[in-house]
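Peer 1: This one is protein.txt, compact mmCIF, C-alpha atoms.
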# COMPACT_ATOMS: atom_id res chain seq x y z
CA MET W 1 114.05 14.51 -85.34
CA SER W 2 115.62 11.08 -85.85
CA ASN W 3 115.42 8.87 -88.94
CA THR W 4 112.97 6.65 -87.06
CA ASP W 5 110.52 9.57 -87.22
CA ARG W 6 110.72 9.89 -90.99
CA VAL W 7 109.19 8.20 -94.01
CA THR W 8 111.58 7.45 -96.86
CA ALA W 9 110.58 7.32 -100.53
CA THR W 10 112.71 6.30 -103.49
CA TYR W 11 112.01 7.67 -106.98
CA TYR W 12 113.19 7.34 -110.54
CA ILE W 13 113.32 10.73 -112.27
CA GLU W 14 114.12 12.13 -115.69
CA THR W 15 114.68 15.88 -116.04
CA ALA W 16 116.52 18.49 -118.08
CA HIS W 17 117.06 20.56 -114.92
CA PRO W 18 120.09 20.13 -112.65
CA LEU W 19 119.48 17.03 -110.58
CA GLU W 20 120.01 18.75 -107.24
CA GLN W 21 117.55 21.46 -108.20
CA ALA W 22 114.99 18.95 -109.44
CA ALA W 23 115.21 16.91 -106.25
CA GLY W 24 114.78 20.09 -104.23
CA ILE W 25 111.63 20.93 -106.19
CA MET W 26 110.23 17.49 -105.31
CA ALA W 27 111.03 17.92 -101.64
CA GLY W 28 109.53 21.39 -101.48
CA GLU W 29 106.38 20.48 -103.42
CA GLN W 30 105.58 17.60 -101.07
CA SER W 31 106.35 19.34 -97.77
CA ALA W 32 106.79 22.90 -96.57
CA GLY W 33 107.81 24.63 -99.80
CA THR W 34 106.02 25.90 -102.88
CA PHE W 35 106.94 27.59 -106.17
CA VAL W 36 107.30 30.99 -104.52
CA LYS W 37 108.31 32.10 -101.02
CA VAL W 38 105.28 32.67 -98.78
CA PRO W 39 104.90 34.35 -95.37
CA GLY W 40 105.36 31.97 -92.48
CA GLU W 41 107.95 29.82 -94.28
CA THR W 42 110.48 30.29 -91.52
CA PRO W 43 113.75 28.40 -91.12
CA GLU W 44 112.30 26.80 -88.00
CA LEU W 45 109.24 25.56 -89.90
CA GLN W 46 111.40 24.25 -92.74
CA GLU W 47 113.66 22.45 -90.30
CA ARG W 48 110.74 20.75 -88.59
CA HIS W 49 108.42 20.04 -91.53
CA GLY W 50 110.55 20.13 -94.67
CA ALA W 51 111.35 17.04 -96.71
CA ARG W 52 115.03 16.22 -97.12
CA VAL W 53 116.96 15.02 -100.14
CA GLU W 54 118.83 12.03 -98.76
CA ARG W 55 120.52 10.74 -101.90
CA ILE W 56 120.81 11.37 -105.64
CA THR W 57 122.32 8.65 -107.83
CA GLU W 58 122.72 9.67 -111.46
CA LEU W 59 121.96 6.93 -113.99
CA ASP W 60 122.06 7.87 -117.68
CA SER W 61 120.77 10.54 -120.04
CA VAL W 62 118.73 10.87 -123.23
CA ALA W 63 118.37 13.57 -125.84
CA SER W 64 114.57 13.74 -125.86
CA PRO W 65 111.95 13.64 -123.10
CA THR W 66 110.19 10.35 -122.37
CA LEU W 67 106.90 11.92 -121.28
CA PRO W 68 105.09 14.86 -122.90
CA GLY W 69 104.57 18.19 -121.20
CA ALA W 70 108.00 18.58 -119.60
CA ARG W 71 109.56 22.05 -119.65
CA PRO W 72 113.34 22.40 -119.88
CA PRO W 73 115.12 25.29 -118.15
CA LYS W 74 114.50 28.72 -119.66
CA GLY W 75 116.92 29.55 -122.43
CA SER W 76 117.90 25.92 -122.97
CA THR W 77 118.24 25.18 -126.69
CA GLN W 78 119.46 21.58 -126.65
CA PRO W 79 118.48 20.16 -123.26
CA ILE W 80 119.84 16.86 -122.06
CA TYR W 81 117.42 14.79 -120.01
CA ARG W 82 119.26 13.16 -117.15
CA ARG W 83 117.93 10.21 -115.22
CA ALA W 84 118.57 9.49 -111.58
CA GLU W 85 117.38 7.67 -108.50
CA VAL W 86 116.36 10.11 -105.78
CA VAL W 87 115.65 9.32 -102.13
CA LEU W 88 113.57 11.80 -100.12
CA SER W 89 112.57 11.63 -96.48
CA PHE W 90 109.52 13.22 -94.91
CA PRO W 91 108.76 13.99 -91.26
CA LEU W 92 106.22 11.55 -89.87
CA GLU W 93 104.76 14.55 -88.08
CA ASN W 94 103.52 15.84 -91.45
CA ILE W 95 101.56 12.64 -92.07
CA GLY W 96 100.32 11.49 -88.70
CA HIS W 97 99.10 7.92 -88.97
CA SER W 98 96.93 8.30 -92.07
CA LEU W 99 97.52 5.96 -95.01
CA PRO W 100 95.77 8.31 -97.47
CA GLN W 101 98.05 11.10 -96.31
CA LEU W 102 101.08 8.86 -96.67
CA MET W 103 100.16 8.28 -100.32
CA THR W 104 99.48 11.99 -100.83
CA THR W 105 102.83 12.90 -99.31
CA VAL W 106 105.04 10.48 -101.25
CA ALA W 107 103.13 10.77 -104.54
CA GLY W 108 100.52 13.53 -104.76
CA ASN W 109 101.26 16.20 -107.34
CA LEU W 110 104.77 14.99 -108.13
CA PHE W 111 103.78 13.25 -111.36
CA GLU W 112 102.48 16.52 -112.83
CA LEU W 113 105.49 18.73 -112.17
CA ALA W 114 106.65 20.39 -115.41
CA PRO W 115 110.42 20.07 -114.78
CA PHE W 116 110.10 16.26 -115.06
CA SER W 117 109.84 14.15 -118.20
CA GLY W 118 109.77 11.01 -116.05
CA LEU W 119 108.90 10.38 -112.42
CA ARG W 120 108.11 7.08 -110.76
CA LEU W 121 107.69 6.01 -107.14
CA ILE W 122 109.96 3.00 -106.67
CA ASP W 123 109.68 2.16 -102.99
CA ILE W 124 108.67 3.47 -99.60
CA ASP W 125 109.88 2.70 -96.10
CA VAL W 126 107.85 3.60 -93.05
CA PRO W 127 109.08 3.65 -89.46
CA PRO W 128 107.71 1.11 -86.97
CA ALA W 129 105.79 3.89 -85.23
CA PHE W 130 103.71 4.30 -88.40
CA ALA W 131 103.36 0.64 -89.34
CA GLU W 132 102.23 -0.34 -85.85
CA ARG W 133 99.29 2.07 -86.08
CA GLN W 134 97.99 0.53 -89.31
CA PRO W 135 95.60 -2.44 -89.35
CA GLY W 136 97.91 -4.62 -91.44
CA PRO W 137 97.00 -8.16 -92.50
CA GLN W 138 94.87 -9.97 -89.93
CA PHE W 139 95.35 -13.47 -91.36
CA GLY W 140 98.22 -13.39 -93.86
CA ILE W 141 99.77 -16.68 -94.92
CA GLU W 142 99.28 -18.53 -91.65
CA GLY W 143 95.59 -17.63 -91.37
CA THR W 144 94.90 -18.39 -95.03
CA ARG W 145 96.45 -21.83 -94.62
CA ARG W 146 94.57 -22.51 -91.39
CA LEU W 147 91.17 -21.64 -92.85
CA SER W 148 91.79 -23.51 -96.11
CA GLY W 149 93.36 -26.54 -94.45
CA VAL W 150 96.23 -26.52 -96.96
CA GLN W 151 99.78 -26.91 -95.65
CA GLY W 152 103.12 -27.52 -97.33
CA ARG W 153 102.08 -26.65 -100.88
CA PRO W 154 100.41 -23.82 -102.83
CA LEU W 155 96.65 -23.38 -102.67
CA VAL W 156 95.26 -24.37 -106.06
CA GLY W 157 92.31 -22.34 -107.22
CA THR W 158 90.30 -20.79 -110.02
CA ILE W 159 88.03 -17.87 -110.91
CA ILE W 160 84.31 -18.08 -111.58
CA LYS W 161 83.89 -17.84 -115.36
CA PRO W 162 82.06 -16.47 -117.31
CA SER W 163 83.06 -13.33 -115.43
CA VAL W 164 79.57 -11.85 -115.58
CA GLY W 165 76.11 -13.15 -116.43
CA LEU W 166 75.74 -16.21 -114.20
CA THR W 167 72.78 -16.26 -111.83
CA PRO W 168 73.31 -17.31 -108.20
CA GLU W 169 71.99 -20.77 -109.03
CA GLN W 170 74.29 -21.12 -112.03
CA THR W 171 77.21 -19.98 -109.91
CA ALA W 172 76.35 -22.59 -107.30
CA ASP W 173 76.25 -25.30 -109.97
CA LEU W 174 79.74 -24.33 -111.10
CA VAL W 175 80.95 -24.19 -107.48
CA ARG W 176 79.67 -27.76 -107.02
CA THR W 177 81.74 -28.90 -110.00
CA LEU W 178 84.82 -27.08 -108.69
CA CYS W 179 84.45 -28.45 -105.15
CA GLU W 180 84.11 -31.98 -106.49
CA ALA W 181 87.21 -31.39 -108.63
CA GLY W 182 89.24 -30.92 -105.45
CA LEU W 183 90.02 -27.19 -105.56
CA ASP W 184 91.27 -25.34 -102.49
CA PHE W 185 90.23 -21.85 -103.53
CA ILE W 186 87.57 -20.15 -105.67
CA LYS W 187 87.13 -16.43 -106.28
CA ASP W 188 84.63 -14.16 -107.95
CA ASP W 189 85.83 -12.25 -110.96
CA GLU W 190 86.54 -8.58 -110.26
CA LEU W 191 83.71 -7.61 -112.63
CA ILE W 192 80.95 -9.05 -110.48
CA ALA W 193 80.09 -7.72 -107.04
CA ASP W 194 76.41 -7.04 -106.33
CA PRO W 195 74.63 -6.75 -109.71
CA PRO W 196 70.83 -7.01 -110.09
CA TYR W 197 71.00 -10.38 -111.87
CA SER W 198 73.19 -11.89 -109.10
CA PRO W 199 72.75 -10.03 -105.81
CA LEU W 200 75.65 -10.70 -103.48
CA HIS W 201 73.50 -12.07 -100.66
CA LYS W 202 71.80 -14.57 -102.99
CA ARG W 203 75.11 -15.62 -104.54
CA VAL W 204 76.58 -16.16 -101.07
CA GLU W 205 73.59 -18.23 -99.95
CA ALA W 206 73.65 -20.42 -103.05
CA ALA W 207 77.42 -20.94 -103.19
CA MET W 208 77.92 -21.47 -99.45
CA ARG W 209 75.13 -24.05 -99.36
CA VAL W 210 77.20 -26.10 -101.80
CA ILE W 211 80.51 -25.43 -100.03
CA ASN W 212 79.10 -26.28 -96.59
CA ASP W 213 77.49 -29.49 -97.88
CA HIS W 214 80.79 -30.48 -99.48
CA ALA W 215 82.63 -29.73 -96.21
CA ASP W 216 80.15 -31.85 -94.25
CA LYS W 217 80.77 -34.79 -96.58
CA THR W 218 84.53 -34.50 -97.03
CA GLY W 219 85.83 -32.46 -94.11
CA LYS W 220 87.35 -29.92 -96.54
CA LYS W 221 85.89 -26.42 -96.75
CA VAL W 222 86.82 -24.72 -100.00
CA MET W 223 87.81 -21.07 -99.53
CA TYR W 224 85.64 -18.78 -101.68
CA ALA W 225 86.64 -15.11 -102.01
CA PHE W 226 83.34 -13.30 -102.57
CA ASN W 227 83.74 -9.91 -104.24
CA ILE W 228 82.09 -7.47 -101.83
CA SER W 229 83.49 -4.30 -103.46
CA GLY W 230 81.16 -1.33 -103.15
CA ASP W 231 80.25 1.53 -100.86
CA ILE W 232 81.66 1.16 -97.37
CA ASP W 233 78.34 0.45 -95.65
CA ASP W 234 77.49 -2.15 -98.30
CA MET W 235 80.87 -3.84 -97.90
CA LEU W 236 80.45 -4.15 -94.14
CA ARG W 237 76.97 -5.58 -94.59
CA HIS W 238 78.14 -8.02 -97.25
CA HIS W 239 81.07 -9.10 -95.10
CA ASP W 240 78.60 -9.97 -92.34
CA LYS W 241 76.54 -12.01 -94.79
CA VAL W 242 79.57 -14.02 -95.91
CA LEU W 243 80.62 -14.60 -92.30
CA ALA W 244 77.13 -15.68 -91.21
CA ALA W 245 76.91 -18.12 -94.12
CA GLY W 246 80.14 -19.82 -93.05
CA GLY W 247 82.36 -18.23 -95.68
CA THR W 248 86.09 -17.94 -95.10
CA CYS W 249 87.22 -15.09 -97.40
CA ILE W 250 86.14 -11.80 -98.96
CA MET W 251 87.56 -9.95 -101.93
CA VAL W 252 87.84 -6.26 -102.79
CA ASN W 253 88.95 -4.34 -105.86
CA LEU W 254 91.64 -2.31 -104.13
CA ILE W 255 91.93 0.79 -106.31
CA SER W 256 88.16 1.09 -106.73
CA VAL W 257 87.50 0.82 -103.00
CA GLY W 258 90.46 2.99 -101.96
CA LEU W 259 92.77 2.99 -98.99
CA ALA W 260 90.23 4.38 -96.55
CA GLY W 261 87.68 1.79 -97.66
CA VAL W 262 90.09 -1.10 -97.16
CA VAL W 263 91.16 0.23 -93.74
CA LYS W 264 87.54 0.50 -92.61
CA LEU W 265 86.74 -2.98 -93.90
CA ARG W 266 89.85 -4.48 -92.28
CA ARG W 267 88.98 -3.02 -88.88
CA HIS W 268 85.52 -4.59 -89.17
CA SER W 269 86.44 -7.86 -90.83
CA GLN W 270 86.66 -11.29 -89.27
CA LEU W 271 87.71 -12.85 -92.58
CA PRO W 272 90.82 -12.74 -94.80
CA ILE W 273 90.79 -9.98 -97.40
CA HIS W 274 91.71 -11.00 -100.94
CA GLY W 275 93.09 -7.90 -102.66
CA HIS W 276 92.59 -7.64 -106.43
CA ARG W 277 94.82 -5.13 -108.15
CA ASN W 278 92.75 -4.45 -111.29
CA GLY W 279 93.62 -1.02 -112.66
CA TRP W 280 97.23 -1.28 -111.54
CA GLY W 281 98.42 -1.32 -115.14
CA ALA W 282 97.44 2.34 -115.48
CA LEU W 283 99.87 3.14 -112.66
CA THR W 284 102.82 1.10 -113.86
CA ARG W 285 102.82 0.25 -117.57
CA ASP W 286 105.02 3.20 -118.55
CA PRO W 287 108.37 2.64 -116.80
CA ALA W 288 108.91 6.39 -116.53
CA LEU W 289 105.67 7.07 -114.67
CA GLY W 290 103.55 5.83 -111.78
CA PHE W 291 104.36 3.19 -109.18
CA ASP W 292 106.58 0.15 -108.89
CA TYR W 293 104.84 -2.78 -107.23
CA ARG W 294 107.35 -2.52 -104.38
CA ALA W 295 105.67 0.71 -103.31
CA TYR W 296 102.14 -0.10 -104.44
CA GLN W 297 101.72 -3.31 -102.47
CA LYS W 298 102.97 -1.77 -99.23
CA PHE W 299 100.02 0.61 -99.06
CA TRP W 300 97.52 -2.26 -99.32
CA ARG W 301 99.38 -4.49 -96.89
CA LEU W 302 99.43 -1.72 -94.34
CA ALA W 303 95.71 -1.21 -95.00
CA GLY W 304 95.01 -4.86 -94.21
CA ALA W 305 95.02 -7.06 -97.33
CA ASP W 306 95.93 -10.71 -96.61
CA GLN W 307 96.31 -11.91 -100.21
CA LEU W 308 97.57 -9.82 -103.15
CA HIS W 309 97.61 -10.48 -106.89
CA VAL W 310 101.00 -10.53 -108.60
CA ASN W 311 100.09 -11.85 -112.10
CA GLY W 312 101.76 -15.07 -113.29
CA LEU W 313 104.65 -16.35 -115.39
CA ARG W 314 104.08 -16.25 -119.16
CA ASN W 315 100.85 -14.38 -118.57
CA LYS W 316 98.41 -12.78 -121.01
CA PHE W 317 99.34 -9.27 -119.87
CA CYS W 318 102.36 -7.06 -120.59
CA GLU W 319 104.24 -7.81 -117.37
CA THR W 320 107.53 -9.68 -117.57
CA ASP W 321 108.29 -12.84 -115.61
CA GLU W 322 111.02 -10.99 -113.71
CA SER W 323 108.52 -8.36 -112.58
CA VAL W 324 106.01 -11.02 -111.49
CA ILE W 325 108.56 -12.82 -109.32
CA ALA W 326 109.85 -9.55 -107.88
CA SER W 327 106.28 -8.64 -106.92
CA ALA W 328 105.73 -11.99 -105.22
CA ARG W 329 108.99 -11.64 -103.28
CA GLU W 330 107.85 -8.25 -102.04
CA CYS W 331 104.66 -9.81 -100.65
CA LEU W 332 106.81 -12.30 -98.73
CA THR W 333 109.07 -9.57 -97.31
CA PRO W 334 108.04 -8.09 -93.92
CA ILE W 335 107.23 -4.37 -93.59
CA ALA W 336 108.78 -2.87 -90.44
CA GLY W 337 108.75 -6.30 -88.83
CA GLY W 338 105.09 -6.92 -89.65
CA GLN W 339 103.28 -9.85 -91.26
CA VAL W 340 103.82 -11.02 -94.80
CA VAL W 341 100.96 -11.70 -97.19
CA MET W 342 100.06 -14.48 -99.63
CA PRO W 343 100.95 -13.68 -103.27
CA VAL W 344 98.31 -14.76 -105.79
CA PHE W 345 99.49 -16.01 -109.19
CA SER W 346 97.02 -15.96 -112.08
CA SER W 347 96.60 -15.26 -115.81
CA GLY W 348 97.22 -18.09 -118.26
CA GLN W 349 98.53 -20.47 -115.62
CA TRP W 350 98.62 -24.25 -115.99
CA ALA W 351 100.90 -27.03 -114.80
CA GLY W 352 103.72 -25.91 -117.08
CA GLN W 353 104.68 -22.79 -115.13
CA ALA W 354 104.93 -24.51 -111.73
CA PRO W 355 108.63 -25.51 -111.93
CA ASP W 356 109.79 -22.05 -113.05
CA THR W 357 107.61 -20.35 -110.45
CA TYR W 358 108.99 -22.50 -107.65
CA ALA W 359 112.60 -22.19 -108.83
CA ALA W 360 112.37 -18.41 -109.03
CA LEU W 361 110.40 -17.80 -105.82
CA ASN W 362 111.80 -20.66 -103.71
CA SER W 363 108.55 -20.78 -101.77
CA VAL W 364 105.19 -22.56 -101.83
CA ASP W 365 103.48 -19.79 -99.88
CA LEU W 366 101.21 -18.71 -102.71
CA ILE W 367 97.80 -19.13 -104.28
CA TYR W 368 97.99 -20.56 -107.80
CA LEU W 369 94.92 -19.72 -109.89
CA ALA W 370 94.20 -21.39 -113.22
CA GLY W 371 91.11 -21.08 -115.41
CA GLY W 372 91.55 -22.94 -118.66
CA GLY W 373 94.38 -24.91 -117.07
CA ILE W 374 91.70 -26.59 -114.96
CA MET W 375 88.42 -26.30 -116.82
CA ALA W 376 89.81 -27.10 -120.30
CA HIS W 377 91.79 -30.17 -119.23
CA PRO W 378 90.91 -32.99 -121.65
CA ALA W 379 89.93 -35.31 -118.78
CA GLY W 380 87.85 -32.69 -117.00
CA PRO W 381 88.26 -30.25 -114.09
CA ALA W 382 89.28 -32.88 -111.52
CA ALA W 383 92.16 -33.95 -113.76
CA GLY W 384 93.02 -30.27 -114.27
CA VAL W 385 93.36 -29.80 -110.52
CA ALA W 386 95.34 -33.03 -110.25
CA SER W 387 97.72 -31.89 -113.00
CA LEU W 388 98.51 -28.70 -111.11
CA ARG W 389 99.17 -30.52 -107.86
CA GLU W 390 101.32 -33.07 -109.67
CA ALA W 391 103.29 -30.27 -111.32
CA TRP W 392 103.99 -28.69 -107.93
CA GLU W 393 104.96 -32.08 -106.48
CA ALA W 394 107.46 -32.46 -109.31
CA ALA W 395 108.78 -28.92 -108.83
CA MET W 396 109.21 -29.34 -105.08
CA SER W 397 110.96 -32.68 -105.61
CA GLY W 398 113.28 -31.34 -108.30
CA ILE W 399 111.95 -33.77 -110.91
CA PRO W 400 111.45 -32.51 -114.48
CA LEU W 401 107.79 -32.34 -115.47
CA ALA W 402 108.19 -34.60 -118.48
CA GLU W 403 109.78 -37.27 -116.28
CA TYR W 404 107.16 -36.92 -113.53
CA ALA W 405 104.40 -37.17 -116.16
CA HIS W 406 105.42 -40.73 -117.07
CA ASP W 407 103.41 -42.13 -114.18
CA HIS W 408 101.06 -39.18 -113.54
CA LEU W 409 98.36 -39.26 -116.20
CA ALA W 410 96.69 -35.93 -115.47
CA LEU W 411 100.01 -34.10 -115.82
CA GLN W 412 100.83 -36.00 -118.99
CA GLN W 413 97.49 -35.05 -120.51
CA ALA W 414 97.99 -31.40 -119.52
CA ILE W 415 101.37 -31.33 -121.24
CA GLU W 416 99.87 -32.84 -124.38
CA LYS W 417 96.99 -30.36 -124.30
CA TYR W 418 98.78 -27.11 -123.51
CA GLY W 419 102.04 -27.67 -125.36
CA ALA W 420 105.71 -27.97 -124.58
CA MET W 421 107.06 -26.27 -121.45
CA ARG W 422 109.33 -23.27 -121.92
Rewrite the structure of this file - the entire thing - as structure tokens.
Peer 2:
Amino acid sequence: MSNTDRVTATYYIETAHPLEQAAGIMAGEQSAGTFVKVPGETPELQERHGARVERITELDSVASPTLPGARPPKGSTQPIYRRAEVVLSFPLENIGHSLPQLMTTVAGNLFELAPFSGLRLIDIDVPPAFAERQPGPQFGIEGTRRLSGVQGRPLVGTIIKPSVGLTPEQTADLVRTLCEAGLDFIKDDELIADPPYSPLHKRVEAAMRVINDHADKTGKKVMYAFNISGDIDDMLRHHDKVLAAGGTCIMVNLISVGLAGVVKLRRHSQLPIHGHRNGWGALTRDPALGFDYRAYQKFWRLAGADQLHVNGLRNKFCETDESVIASARECLTPIAGGQVVMPVFSSGQWAGQAPDTYAALNSVDLIYLAGGGIMAHPAGPAAGVASLREAWEAAMSGIPLAEYAHDHLALQQAIEKYGAMR
């Protein structure tokens, strides 16, 4: 079996056991081995279906375990916990072409194994034979730009706030304000999908009436990502409602819906899928446990997401700026020659982060979402939108914001309102 028939996964581990032994435990647990020899575990079966340890790179060591519950080797009185990067490969034949089985194979029970006081999935690589069988993004960057009519700059957008509580009519009133302000993109909050006080079909009807009227008058159709997260049958029905109303985007809460749900929706969908990553913090906040975004986002891209959240610089969450930019770069990096997807920046964004975002990412292929940075602008939402576009014009032209603000009033007012740039 050649390397093109194998899936590769890279891990960070911490263990008091010998590194070679620990890596072997991982490989056995996730393929043809178990904790005790069983009948039928022949050399031929192991050769065909066993995972292989491809590389072990030792890093450093610590005197105490990072995570609770780890068991050192029997008889060990002063164990040393060594850290390493481990690369395993798995036969594609074990997985078939199932995304849920891919996740089960490269993650599964690994995080619970007692020999480990740290274990984190860093990255995965799949062969073209696997990637080609997955739905993948249908629209990606090119399709998002075509449907939004925005070229050569980021899409500027916002989130419907308050997150919950607005009726369909109140939502439509806010959408009217946002359309008139000149936004490119609007999205539901992840907390609202199809609640009794704002049924999805009524929210779609009310909001799209405003968006379509605005498009008829101006020639610009604002992209609205309606949150259709729910049971699979409901999602398919809600997608059809958005499509019939003239909508150009749908949104799903990725972890809540699951890989199989996103795959089913993608195979049905005629609209871009906006992937919200809420809940991801539980998988990544401890650096010794869970998933890196490098691995996490690949599952959802293969499943068919066209746009993926990556947080934002100087955000309200715990994620560092370096991590945010690394996540966005991953979205712009092809998987096995396939499409790239549009990274979505959000959380505490205003005009001030545009230069740093552009300098670090060196791309304008992104959606830039701001809430207070638009709605709380002292001259109103239209000036908030203008300030963001002016900030990106300055960034793309290599002109400092303070200098560009001299003859761009909305940007100047934003700087005065939100404080000095860092």
Peer 1: Record the distance separating CA of Gly258 (chain W) and CA of Leu92 (chain W), expressed in Å with one decimal.
Peer 2: 21.6 Å
Peer 1: Between W:Asp292, W:Asp321, W:Glu205, W:Asp356, which one has atoms that come closest to Gly247 (chain W), using all atoms listed in the file?
Peer 2: W:Glu205
Peer 1: List the neighbours of Gly182 (chain W) out to 10 Å using only C-alpha atoms; skip same-chain residues closer than 4 positions along the sequence, and give me the result as a ChimeraX atom specification.
Peer 2: /W:156-157,177-178,220,222,381-386
Peer 1: Which is closer to His274 (chain W) than all the others in W:Gly352, W:Gly246, W:Gly149, W:Pro137, using only C-alpha atoms?
Peer 2: W:Pro137
Peer 1: Identify which of the residues W:Leu110, W:Ala305, W:Leu289, W:Ala207 lies closest to Thr144 (chain W), counting only C-alpha atoms when measuring atom-to-atom distances.
Peer 2: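 Ranking W:Leu110, W:Ala305, W:Leu289, W:Ala207 by distance to Thr144 (chain W), first place goes to W:Ala305.
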Peer 1: Could you jot down the CA of Val263 (chain W) to CA of Gly230 (chain W) separation for me, Å, one decimal place?
Peer 2: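 These two atoms are separated by 13.8 Å.
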Peer 1: Which residues, written as a PDB file with C-alpha atoms, keeping the file's coordinate frame, have at least one atom at most 12 Å from Ala410 (chain W), with only C-alpha atoms counted and residues fewer than 4 positions away on the same chain left out?
Peer 2:
ATOM      1  CA  TRP W 350      98.620 -24.250-115.990  1.00  0.00           C
ATOM      2  CA  ALA W 351     100.900 -27.030-114.800  1.00  0.00           C
ATOM      3  CA  GLY W 373      94.380 -24.910-117.070  1.00  0.00           C
ATOM      4  CA  ILE W 374      91.700 -26.590-114.960  1.00  0.00           C
ATOM      5  CA  HIS W 377      91.790 -30.170-119.230  1.00  0.00           C
ATOM      6  CA  PRO W 378      90.910 -32.990-121.650  1.00  0.00           C
ATOM      7  CA  ALA W 379      89.930 -35.310-118.780  1.00  0.00           C
ATOM      8  CA  GLY W 380      87.850 -32.690-117.000  1.00  0.00           C
ATOM      9  CA  PRO W 381      88.260 -30.250-114.090  1.00  0.00           C
ATOM     10  CA  ALA W 382      89.280 -32.880-111.520  1.00  0.00           C
ATOM     11  CA  ALA W 383      92.160 -33.950-113.760  1.00  0.00           C
ATOM     12  CA  GLY W 384      93.020 -30.270-114.270  1.00  0.00           C
ATOM     13  CA  VAL W 385      93.360 -29.800-110.520  1.00  0.00           C
ATOM     14  CA  ALA W 386      95.340 -33.030-110.250  1.00  0.00           C
ATOM     15  CA  SER W 387      97.720 -31.890-113.000  1.00  0.00           C
ATOM     16  CA  LEU W 388      98.510 -28.700-111.110  1.00  0.00           C
ATOM     17  CA  ARG W 389      99.170 -30.520-107.860  1.00  0.00           C
ATOM     18  CA  GLU W 390     101.320 -33.070-109.670  1.00  0.00           C
ATOM     19  CA  ALA W 391     103.290 -30.270-111.320  1.00  0.00           C
ATOM     20  CA  LEU W 401     107.790 -32.340-115.470  1.00  0.00           C
ATOM     21  CA  ALA W 402     108.190 -34.600-118.480  1.00  0.00           C
ATOM     22  CA  TYR W 404     107.160 -36.920-113.530  1.00  0.00           C
ATOM     23  CA  ALA W 405     104.400 -37.170-116.160  1.00  0.00           C
ATOM     24  CA  HIS W 406     105.420 -40.730-117.070  1.00  0.00           C
ATOM     25  CA  ALA W 414      97.990 -31.400-119.520  1.00  0.00           C
ATOM     26  CA  ILE W 415     101.370 -31.330-121.240  1.00  0.00           C
ATOM     27  CA  GLU W 416      99.870 -32.840-124.380  1.00  0.00           C
ATOM     28  CA  LYS W 417      96.990 -30.360-124.300  1.00  0.00           C
TER      29      LYS W 417
END
Peer 1: Using only C-alpha atoms, tabulate the residues of region 231-311 of chain W lying at most 10 Å from any atom of region 362-369 of chain W, each with its closest atom pair and that distance in Å to one decimal, by chain and increasing residue number, as a Markdown table.
Peer 2:
| residue | atom | partner | partner_atom | distance |
| --- | --- | --- | --- | --- |
| W:Gln307 | CA | W:Ile367 | CA | 8.4 |
| W:Leu308 | CA | W:Ile367 | CA | 9.4 |
| W:His309 | CA | W:Ile367 | CA | 9.0 |
| W:Asn311 | CA | W:Leu369 | CA | 9.7 |
Peer 1: Restricting the calculation to only C-alpha atoms, which member of W:Ser64, W:Thr357, W:Ser117, W:Ser346 is positioned closest to Gln78 (chain W)?
Peer 2: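 Closest candidate: W:Ser64.
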Peer 1: Please provide the set of residues having any atom within 7 Å of Asp125 (chain W), restricted to all atoms listed in the file, with same-chain residues fewer than 4 positions apart removed, written as JSON, numbers by chain.
Peer 2: {"W": [7, 8, 9]}
Peer 1: Hey, can you spit out that residue selection with C-alpha atoms as a JSON list (two decimals), in the frame of the given file?
Peer 2:
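Result went into again-v2.json, see below:
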[["chain", "number", "residue", "atom", "x", "y", "z"],
["W", 7, "VAL", "CA", 109.19, 8.20, -94.01],
["W", 8, "THR", "CA", 111.58, 7.45, -96.86],
["W", 9, "ALA", "CA", 110.58, 7.32, -100.53]]
Peer 1: With all atoms listed in the file as the atoms that count, which of W:Pro43, W:Pro400, W:Pro91, W:Gly118 lies nearest to Thr15 (chain W)?
Peer 2: W:Gly118
Peer 1: Considering only C-alpha atoms, can you say which of W:Val204, W:Ala172, W:Ala245, W:Ile160 comes closest to Ile186 (chain W)?
Peer 2: W:Ile160
Peer 1: Please write a file for region 63-75 of chain W, taken from the block I just shared, that holds C-alpha atoms and is laid out as a CSV table (one decimal), in the first residue's frame.
Peer 2:
chain,number,residue,atom,x,y,z
W,63,ALA,CA,8.2,17.1,36.1
W,64,SER,CA,4.4,17.0,36.5
W,65,PRO,CA,1.5,16.0,34.2
W,66,THR,CA,-0.4,18.8,32.4
W,67,LEU,CA,-3.7,16.9,32.4
W,68,PRO,CA,-5.3,14.9,35.2
W,69,GLY,CA,-5.9,11.2,35.1
W,70,ALA,CA,-2.6,10.1,33.4
W,71,ARG,CA,-1.0,7.0,34.7
W,72,PRO,CA,2.8,6.7,34.7
W,73,PRO,CA,4.5,3.3,34.1
W,74,LYS,CA,4.2,0.8,36.9
W,75,GLY,CA,6.9,1.1,39.5
